[in-house]
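J.: Sharing model-v9.pdb (PDB, C-alpha atoms) below.
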```
ATOM      1  CA  MET Q 894       0.000   0.000   0.000
ATOM      2  CA  LYS Q 895       2.840   2.371   0.860
ATOM      3  CA  SER Q 896       4.526   1.851  -2.507
ATOM      4  CA  LEU Q 897       1.264   2.549  -4.369
ATOM      5  CA  SER Q 898       0.900   5.903  -2.635
ATOM      6  CA  THR Q 899       4.567   6.705  -3.336
ATOM      7  CA  ILE Q 900       4.028   5.963  -7.033
ATOM      8  CA  ALA Q 901       0.864   8.092  -7.103
ATOM      9  CA  ILE Q 902       2.662  11.043  -5.496
ATOM     10  CA  THR Q 903       5.605  10.702  -7.894
ATOM     11  CA  VAL Q 904       3.298  10.624 -10.923
ATOM     12  CA  LEU Q 905       1.414  13.645  -9.575
ATOM     13  CA  LEU Q 906       4.622  15.641  -9.080
ATOM     14  CA  ILE Q 907       5.966  14.751 -12.532
ATOM     15  CA  GLY Q 908       2.634  15.473 -14.194
ATOM     16  CA  THR Q 909       2.224  18.783 -12.359
ATOM     17  CA  SER Q 910       5.602  20.134 -13.420
ATOM     18  CA  ALA Q 911       4.981  19.027 -17.007
ATOM     19  CA  CYS Q 912       1.579  20.770 -17.082
ATOM     20  CA  LEU Q 913       2.936  24.060 -15.758
ATOM     21  CA  ALA Q 914       5.146  24.688 -18.774
ATOM     22  CA  GLN Q 915       3.643  22.479 -21.454
ATOM     23  CA  GLN Q 916       4.302  23.579 -25.019
ATOM     24  CA  VAL Q 917       1.690  23.216 -27.733
ATOM     25  CA  VAL Q 918       2.456  23.565 -31.454
ATOM     26  CA  GLY Q 919       5.798  25.282 -31.417
ATOM     27  CA  SER Q 920       6.158  28.115 -28.950
ATOM     28  CA  THR Q 921       2.604  28.517 -27.633
ATOM     29  CA  GLN Q 922       2.607  27.953 -23.881
ATOM     30  CA  LEU Q 923      -0.504  26.982 -21.957
ATOM     31  CA  GLY Q 924      -0.944  28.184 -18.402
ATOM     32  CA  VAL Q 925       1.809  29.873 -16.480
ATOM     33  CA  ALA Q 926       5.451  28.935 -16.263
ATOM     34  CA  TYR Q 927       6.767  27.697 -12.941
ATOM     35  CA  ALA Q 928       8.589  31.003 -12.325
ATOM     36  CA  GLU Q 929       5.330  32.946 -12.845
ATOM     37  CA  LEU Q 930       3.409  30.711 -10.455
ATOM     38  CA  ARG Q 931       4.905  32.569  -7.467
ATOM     39  CA  ASP Q 932       3.417  35.841  -8.752
ATOM     40  CA  VAL Q 933       0.030  34.197  -9.217
ATOM     41  CA  THR Q 934      -0.011  32.756  -5.708
ATOM     42  CA  THR Q 935       0.911  36.071  -4.069
ATOM     43  CA  GLY Q 936      -1.708  38.079  -5.977
ATOM     44  CA  TRP Q 937      -5.286  38.739  -4.899
ATOM     45  CA  SER Q 938      -8.122  36.321  -5.380
ATOM     46  CA  THR Q 939     -11.154  38.289  -6.487
ATOM     47  CA  LYS Q 940     -13.458  35.598  -5.158
ATOM     48  CA  LYS Q 941     -11.798  35.297  -1.752
ATOM     49  CA  GLN Q 942     -10.483  38.785  -1.026
ATOM     50  CA  VAL Q 943     -12.584  41.294  -2.968
ATOM     51  CA  LEU Q 944     -16.123  40.198  -3.896
ATOM     52  CA  GLY Q 945     -18.667  40.744  -1.167
ATOM     53  CA  LYS Q 946     -16.382  42.993   0.860
ATOM     54  CA  LYS Q 947     -17.720  46.188   2.369
ATOM     55  CA  VAL Q 948     -16.542  49.551   1.098
ATOM     56  CA  PHE Q 949     -15.931  52.254   3.666
ATOM     57  CA  ASN Q 950     -15.441  55.994   3.378
ATOM     58  CA  ASP Q 951     -12.478  57.706   5.013
ATOM     59  CA  GLY Q 952     -14.624  58.239   8.114
ATOM     60  CA  GLY Q 953     -15.048  54.485   8.602
ATOM     61  CA  GLU Q 954     -18.722  54.407   7.554
ATOM     62  CA  THR Q 955     -19.927  51.603   5.276
ATOM     63  CA  VAL Q 956     -21.034  53.036   1.918
ATOM     64  CA  GLY Q 957     -21.562  49.850  -0.082
ATOM     65  CA  LYS Q 958     -20.311  46.400  -1.005
ATOM     66  CA  ILE Q 959     -18.184  45.148  -3.922
ATOM     67  CA  ASP Q 960     -20.457  42.960  -6.032
ATOM     68  CA  ASP Q 961     -18.444  42.591  -9.227
ATOM     69  CA  ILE Q 962     -15.196  43.454 -10.954
ATOM     70  CA  ILE Q 963     -15.236  44.549 -14.596
ATOM     71  CA  VAL Q 964     -12.324  43.530 -16.827
ATOM     72  CA  SER Q 965     -12.077  45.741 -19.901
ATOM     73  CA  PRO Q 966     -11.461  44.308 -23.396
ATOM     74  CA  ASP Q 967      -7.738  45.134 -23.038
ATOM     75  CA  LYS Q 968      -7.714  42.694 -20.064
ATOM     76  CA  SER Q 969      -7.171  45.312 -17.366
ATOM     77  CA  VAL Q 970      -9.309  45.472 -14.263
ATOM     78  CA  SER Q 971     -11.079  48.758 -14.706
ATOM     79  CA  TYR Q 972     -14.182  49.075 -12.519
ATOM     80  CA  ALA Q 973     -15.615  47.747  -9.298
ATOM     81  CA  ILE Q 974     -19.387  47.468  -9.172
ATOM     82  CA  ILE Q 975     -20.489  48.748  -5.796
ATOM     83  CA  GLY Q 976     -23.948  47.928  -4.497
ATOM     84  CA  ALA Q 977     -25.347  50.543  -2.148
ATOM     85  CA  GLY Q 978     -28.546  51.119  -0.279
ATOM     86  CA  GLY Q 979     -31.625  49.014  -0.201
ATOM     87  CA  PHE Q 980     -32.807  46.269   2.084
ATOM     88  CA  LEU Q 981     -32.883  42.663   0.875
ATOM     89  CA  GLY Q 982     -32.297  43.905  -2.677
ATOM     90  CA  VAL Q 983     -35.164  46.427  -2.680
ATOM     91  CA  GLY Q 984     -34.024  49.963  -3.466
ATOM     92  CA  ARG Q 985     -30.540  48.720  -4.252
ATOM     93  CA  HIS Q 986     -28.348  50.942  -6.421
ATOM     94  CA  ASP Q 987     -25.297  49.584  -8.286
ATOM     95  CA  VAL Q 988     -22.619  52.000  -9.485
ATOM     96  CA  ALA Q 989     -19.338  51.605 -11.365
ATOM     97  CA  ILE Q 990     -16.313  52.972  -9.531
ATOM     98  CA  PRO Q 991     -12.885  53.097 -11.215
ATOM     99  CA  VAL Q 992     -10.653  50.697  -9.288
ATOM    100  CA  ASN Q 993      -7.942  53.340  -8.935
ATOM    101  CA  GLN Q 994     -10.317  55.268  -6.633
ATOM    102  CA  LEU Q 995     -10.481  52.346  -4.191
ATOM    103  CA  LYS Q 996      -7.660  51.981  -1.710
ATOM    104  CA  GLU Q 997      -6.945  48.927   0.413
ATOM    105  CA  ASN Q 998      -6.120  49.849   3.994
ATOM    106  CA  ASP Q 999      -5.596  47.171   6.669
ATOM    107  CA  GLY Q1000      -7.781  44.688   4.798
ATOM    108  CA  LYS Q1001     -10.578  47.210   4.195
ATOM    109  CA  PHE Q1002     -11.531  48.894   0.941
ATOM    110  CA  VAL Q1003     -11.800  52.660   1.287
ATOM    111  CA  LEU Q1004     -13.470  55.053  -1.145
ATOM    112  CA  ALA Q1005     -12.319  58.463   0.069
ATOM    113  CA  GLY Q1006     -14.977  61.158   0.218
ATOM    114  CA  ALA Q1007     -17.856  58.745  -0.438
ATOM    115  CA  THR Q1008     -21.205  58.832   1.293
ATOM    116  CA  LYS Q1009     -24.273  56.667   0.796
ATOM    117  CA  ALA Q1010     -26.068  59.736  -0.567
ATOM    118  CA  ALA Q1011     -23.273  60.497  -3.048
ATOM    119  CA  ILE Q1012     -23.312  56.926  -4.344
ATOM    120  CA  LYS Q1013     -27.108  56.945  -4.582
ATOM    121  CA  ALA Q1014     -26.848  60.157  -6.678
ATOM    122  CA  MET Q1015     -24.486  58.506  -9.193
ATOM    123  CA  PRO Q1016     -25.867  57.008 -12.421
ATOM    124  CA  GLU Q1017     -27.002  53.442 -11.861
ATOM    125  CA  PHE Q1018     -24.878  50.736 -13.467
ATOM    126  CA  GLU Q1019     -26.660  48.227 -15.704
ATOM    127  CA  TYR Q1020     -25.049  45.296 -17.495
ATOM    128  CA  ALA Q1021     -25.179  45.238 -21.296
ATOM    129  CA  THR Q1022     -27.590  42.640 -22.631
ATOM    130  CA  HIS Q1023     -25.810  41.629 -25.830
TER     131      HIS Q1023
END
```
What would the structure in this file look like if it were written as structure tokens?

T.:
Amino acid sequence: MKSLSTIAITVLLIGTSACLAQQVVGSTQLGVAYAELRDVTTGWSTKKQVLGKKVFNDGGETVGKIDDIIVSPDKSVSYAIIGAGGFLGVGRHDVAIPVNQLKENDGKFVLAGATKAAIKAMPEFEYATH
């Protein structure tokens, strides 16, 4: 039994390293190279560290929650969709905020100068339906 698990682990390790830098048709590389994997693992996970997080103003008041991240066609993260107001989805108001206006401070997202009223006064964000 011990040798079977040793073989399985060895195959997994060999297969994993081969998958990380596998070449397809000449010089096209799938996935990330082993050296790039460190950068990936130290970056942010949108799902775990951004989506659903509260947004505060510089006074510490909650002004909304990050519901989505918009990636522009040039593959840059460009906007955070902030949901504000409402109760159980009624009266809710989604707005698009450029990500460069959000600052991360001690694990909290801060939108300096924001108030619930200011966000409610912004044009409502709606997804395209194409």

J.: Could you build a table of the residues in range 979-1004 of chain Q lying no more than 9 Å from range 941-962 of chain Q, giving for each the nearest pair of atoms and their separation in Å rounded to one decimal place, using all atoms listed in the file, ordered by chain and ascending residue number, as a tab-separated table?

T.:
```
residue	atom	partner	partner_atom	distance
Q:Asp987	CA	Q:Asp960	CA	8.5
Q:Val992	CA	Q:Ile962	CA	8.7
Q:Leu995	CA	Q:Val948	CA	8.5
Q:Gly1000	CA	Q:Gln942	CA	8.7
Q:Lys1001	CA	Q:Val948	CA	7.1
Q:Phe1002	CA	Q:Val948	CA	5.1
Q:Val1003	CA	Q:Phe949	CA	4.8
Q:Leu1004	CA	Q:Asn950	CA	5.0
```

J.: Rounded to one decimal place, report the CA of Lys996 in chain Q-CA of Tyr972 in chain Q distance in Å.

T.: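 Taking CA of Lys996 in chain Q and CA of Tyr972 in chain Q, their separation equals 13.0 Å.
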
J.: Work out how far CA of Thr1022 in chain Q is from CA of Ala1010 in chain Q, in Å to one decimal.

T.: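 Value for the CA of Ala1010 in chain Q-CA of Thr1022 in chain Q distance: 28.0 Å.
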
J.: If you count all atoms listed in the file, which residues fall within 7 Å of Met1015 in chain Q, apart from same-chain ones fewer than 3 positions away, as a list in words?

T.: Val988, Ala1011 and Ile1012 of chain Q

J.: What is the CA of Pro1016 in chain Q-CA of Ala989 in chain Q distance in Å, reported with one decimal?

T.: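 Rounded to one decimal, the two atoms are 8.5 Å apart.
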
J.: Taking all atoms listed in the file into account, which of Q:Ala977, Q:Ala926, Q:Pro966, Q:Pro991 comes nearest Thr1008 in chain Q?

T.: Q:Ala977
